[in-house]
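Only one structure is covered here, and it is reproduced in the block below.
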Amino acid sequence: MWFELERLGGPVRSRPMNTVDRSPQPLRQLTEGMPIVVGGDRVVRVTAELAAAFVEGDRLLTVPATGALLHVPASVGQVTERAVDRAATAFARMGTVSDEAVTTFFETFADRLADDATFAPIAEANAADVAAAKARGRTTTRLVLSDVMRADMIDGLRTWAKAPSGRDEVVDRVDHDGWAVELRRAGLGVVGFVFEGRPNVFADACGVIRSGNTVVFRIGSDALGSAAAIVAHALDPALAAAGLPEGSATLLAAAERSAGYALFADPRLALAVARGSGAAVAQLGAVAQGAGVPVSLHGTGGAWIVAGDSADVDRLEASVTASLDRKVCNTLNTAVVARSRAAEQVPAVLAGLDAAAAELGTNPKLWVHDSAREFVPEERWGDTTIARADGPTTEPGAEALGEADLGREWEWEDSPEISLAIADDLTQAIHWFNAYSPHFVVSIVAEDSVEAEAAYQGFDAPFVGNGFTRWVDGQYAFDRPELGLSNWEQGRLFGRGGVLSGDSVFTLRARVTQNDPSVRR
């Protein structure tokens with residue numbers, strides 16, 4: 001049988017199928033319009049910009065779901081490869097590292113961050129990062145290394161210092177005649193961690209060392225200066241003081257976004273963890289999946305508060321205010337109230353929203369579903385000043401919102417921003433949440449236990465409460481700094497809850513002890 005084989009770069013001469021050379025060939029160049037097959041049945045054409053940027057030694061990654069072509073320059077790939085090399089070498093030595101040495105690492109890391117003299121250059125680097133981000137009109141709500149964030153980092157590291165490692169823990173044992181088998185916990189391997197520009201995530205990422213892993217992390221470019229300062233003045237000295245292998249925790253010092261792609265495409269990773277904005281996280285996840293790397297994604301956020309028929313309006317108002325102190329993944333995004341009590345509940349939601357804005361010294365922004373239009377005072381629809389990342393803007397204080405956008409996550413800077421809708425009953429509220437939300441955090445404000453239980457059973461979410469939404473945090477709620485919080489947008493999780501923590505990154509090994517040498521099957 002004869003056929004025409006098309007390779008990257010153009011067709012080659014026909015040949016019998018049984019003599020086709022199937023060995024992979026290096027991609028040396030791209031040309032404008034070159035077809036790239038993605039997903040097995042679609043073709044994407046190379047743009048002139050990509051063709052001009054690509055040189056021999058670079059890599060091209062594809063995202064089948066979107067058709068995106070991701071360019072990884074050779075220099076970025078080399079930096080990433082060296083970082084994973086160090087982490088893999090360090091992991092091979094982790095079996096000889098004592099739990100006491102790991103404890104010393106966390107204690108020393110925390111002590112150095114707590115020391116004002118050591119922390120001074122870190123604070124200076126962070127101030128420079130914040131100023132640069134503001135100059136570019138970038139959001140800085142997660143970037144500022146405040147006293148609270150610093151204290152949380154220190155607390156998180158000291159939590160890991162006191163936590164049991166779990167390494168070599170026997171989780172199951174079966175005794176047989178003449179022999180026994182045990183299942184023991186063990187380190188998983190090298191964890192690749194890509195996260196947004198928030199410096200405190202160092203404590204979260206390093207938690208995997210407690211359970212016998214090593215980590216390579218890449219931070220958003222906005223916080224790279226802060227991250228480098230933490231590594232130089234606290235992390236690396238703590239590793240050295242504890243005698244941990246060099247490379248146990250490695251910062252991927254590359255500002256290019258392609259460094260994240262290169263990291264997640266490295267098949268030596270035992271686990272890839274991404275957290276940040278939904279679109280960026282999804283793309284990183286696709287890269288990891290394409291490389292056969294297990295991935296844990298923590299992207300789309302935005303919490304919902306649903307008020308039942310039996311809701312106490314004072315509790316509702318307080319819950320709204322307490323859920324809007326700052327913009328993070330568990331911040332209130334969508335409020336749904338009951339039609340039977342809309343005249344009471346809508347004012348409570350608006351009062352809570354106004355109180356949150358007042359605490360921040362700004363004005364709020366409201367998005368109104370058609371169901372709630374008649375309950376929103378006319379004065380809210382007029383122009384007001386809203387604090388955005390690139391500075392104050394004049395825009396309507398309230399705007400209309402379509403049903404399909406009920407789950408749209410609002411990325412606000414200092415002006416609290418939420419959506420408001422009125423459901424005919426709890427069944428409709430549950431439908432809206434399950435249809436449009438990221439299946440993440442929901443609060444059911446209801447005094448009636450039957451109503452609250454019906455909501456708990458109906459909402460498809462890993463995190464359900466009855467008040468403020470900001471409790472959803474590994475360190476705050478479970479005393480475990482988190483690598484990320486998982487939503488159920490892509491399906492429920494298997495075998496663990498929605499909090500991915502350092503001590504939940506492990507594998508199991510089977511060890512047999514045979515007492516009777518004559519045992520056979």
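Residues in the structure tokens are named by chain (A, B, ... in the order shown) and by number from 1 within that chain; ligands are numbered from 1 in the order shown.
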
task: Check segment 173-313 of chain A with DSSP on the backbone and list each residue it calls strand (DSSP E), as a ChimeraX atom specification.
output: /A:173-176,179-186,190-195,214-219,249-251,269-275,295-298,303-307

message: Quick one: residues within 12 Å of segment 395-397 of chain A, only C-alpha atoms, excluding same-chain residues fewer than 6 positions away - as a PyMOL selection string?
response: chain A and resi 350+353-354+362-368+376-388+415-419

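Of the listed residues A:Ser486, A:Gln475, A:Ser501, A:Thr394, the one whose atoms come nearest to Asp152 of chain A is A:Gln475, with distances taken using only C-alpha atoms.
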
field: For Ala265 of chain A: contacts at 8 Å, only C-alpha atoms, fewer than 5 positions along chain excluded, given as a list in words
entry: Val287, Ala288, Gly290, Ala291 and Val293 of chain A

message: Report as a VMD selection string all protein, DNA and RNA residues lying within 9 Å of Arg257 of chain A, evaluated on only C-alpha atoms, omitting residues in the same chain fewer than 3 positions from it.
response: chain A and resid 72 220 to 221 254 260 to 261

Go ahead and save the picked residues with all heavy atoms, as a PDB file, in the first residue's frame.
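Printed below is out.pdb as written:
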ATOM      1  N   VAL A  72       8.694  27.237  23.450  1.00  0.00           N
ATOM      2  CA  VAL A  72       9.650  27.211  24.560  1.00  0.00           C
ATOM      3  C   VAL A  72      11.043  27.438  24.000  1.00  0.00           C
ATOM      4  O   VAL A  72      11.622  26.544  23.356  1.00  0.00           O
ATOM      5  CB  VAL A  72       9.608  25.871  25.315  1.00  0.00           C
ATOM      6  CG1 VAL A  72      10.635  25.868  26.447  1.00  0.00           C
ATOM      7  CG2 VAL A  72       8.212  25.597  25.851  1.00  0.00           C
ATOM      8  N   GLY A 220       4.874  33.640  39.472  1.00  0.00           N
ATOM      9  CA  GLY A 220       4.553  34.634  38.461  1.00  0.00           C
ATOM     10  C   GLY A 220       5.621  35.716  38.382  1.00  0.00           C
ATOM     11  O   GLY A 220       6.247  36.073  39.391  1.00  0.00           O
ATOM     12  N   SER A 221       5.847  36.242  37.198  1.00  0.00           N
ATOM     13  CA  SER A 221       6.946  37.181  36.982  1.00  0.00           C
ATOM     14  C   SER A 221       6.841  38.422  37.850  1.00  0.00           C
ATOM     15  O   SER A 221       7.855  39.024  38.211  1.00  0.00           O
ATOM     16  CB  SER A 221       7.001  37.584  35.503  1.00  0.00           C
ATOM     17  OG  SER A 221       5.774  38.161  35.084  1.00  0.00           O
ATOM     18  N   ALA A 254      13.173  32.014  36.036  1.00  0.00           N
ATOM     19  CA  ALA A 254      12.939  32.431  34.654  1.00  0.00           C
ATOM     20  C   ALA A 254      11.626  33.208  34.615  1.00  0.00           C
ATOM     21  O   ALA A 254      10.597  32.718  35.085  1.00  0.00           O
ATOM     22  CB  ALA A 254      12.866  31.230  33.728  1.00  0.00           C
ATOM     23  N   GLY A 260       7.057  27.728  32.695  1.00  0.00           N
ATOM     24  CA  GLY A 260       6.026  26.869  33.266  1.00  0.00           C
ATOM     25  C   GLY A 260       5.666  25.740  32.325  1.00  0.00           C
ATOM     26  O   GLY A 260       5.463  24.592  32.751  1.00  0.00           O
ATOM     27  N   TYR A 261       5.581  26.056  31.021  1.00  0.00           N
ATOM     28  CA  TYR A 261       5.288  25.008  30.036  1.00  0.00           C
ATOM     29  C   TYR A 261       6.396  23.952  30.031  1.00  0.00           C
ATOM     30  O   TYR A 261       6.132  22.743  30.006  1.00  0.00           O
ATOM     31  CB  TYR A 261       5.148  25.600  28.634  1.00  0.00           C
ATOM     32  CG  TYR A 261       4.168  26.734  28.499  1.00  0.00           C
ATOM     33  CD1 TYR A 261       4.385  27.767  27.594  1.00  0.00           C
ATOM     34  CD2 TYR A 261       3.012  26.784  29.272  1.00  0.00           C
ATOM     35  CE1 TYR A 261       3.479  28.804  27.454  1.00  0.00           C
ATOM     36  CE2 TYR A 261       2.108  27.825  29.141  1.00  0.00           C
ATOM     37  CZ  TYR A 261       2.354  28.843  28.234  1.00  0.00           C
ATOM     38  OH  TYR A 261       1.465  29.876  28.098  1.00  0.00           O
TER      39      TYR A 261
END

What's the 8 Å shell around Asp325 of chain A, counting only C-alpha atoms, without same-chain residues fewer than 5 positions away, as a tab-separated table (two decimals) with all heavy atoms, in the first residue's frame?
chain	number	residue	atom	x	y	z
A	331	THR	N	-13.27	34.26	47.83
A	331	THR	CA	-14.04	35.48	48.01
A	331	THR	C	-15.45	35.30	47.42
A	331	THR	O	-15.62	34.66	46.38
A	331	THR	CB	-13.34	36.66	47.32
A	331	THR	OG1	-12.06	36.85	47.94
A	331	THR	CG2	-14.15	37.94	47.41
A	356	ALA	N	-18.41	46.16	53.23
A	356	ALA	CA	-17.11	45.66	52.80
A	356	ALA	C	-16.34	46.74	52.04
A	356	ALA	O	-15.13	46.92	52.23
A	356	ALA	CB	-17.27	44.41	51.94
A	359	GLU	N	-14.99	49.37	54.41
A	359	GLU	CA	-13.79	48.93	55.11
A	359	GLU	C	-12.55	49.09	54.25
A	359	GLU	O	-11.44	49.30	54.76
A	359	GLU	CB	-13.94	47.46	55.53
A	359	GLU	CG	-14.95	47.25	56.65
A	359	GLU	CD	-15.09	45.78	57.03
A	359	GLU	OE1	-14.35	44.94	56.45
A	359	GLU	OE2	-15.93	45.47	57.88
A	360	LEU	N	-12.72	49.00	52.94
A	360	LEU	CA	-11.60	49.15	52.01
A	360	LEU	C	-11.45	50.57	51.49
A	360	LEU	O	-10.54	50.87	50.72
A	360	LEU	CB	-11.78	48.18	50.83
A	360	LEU	CG	-11.73	46.69	51.19
A	360	LEU	CD1	-12.18	45.84	50.01
A	360	LEU	CD2	-10.33	46.29	51.63

task: Go through segment 216-348 of chain A and collect every residue that DSSP, computed from the backbone, puts in helix (DSSP H, G or I); the answer should be as a PyMOL selection string.
output: chain A and resi 221-242+258-264+278-290+313-322+339-348
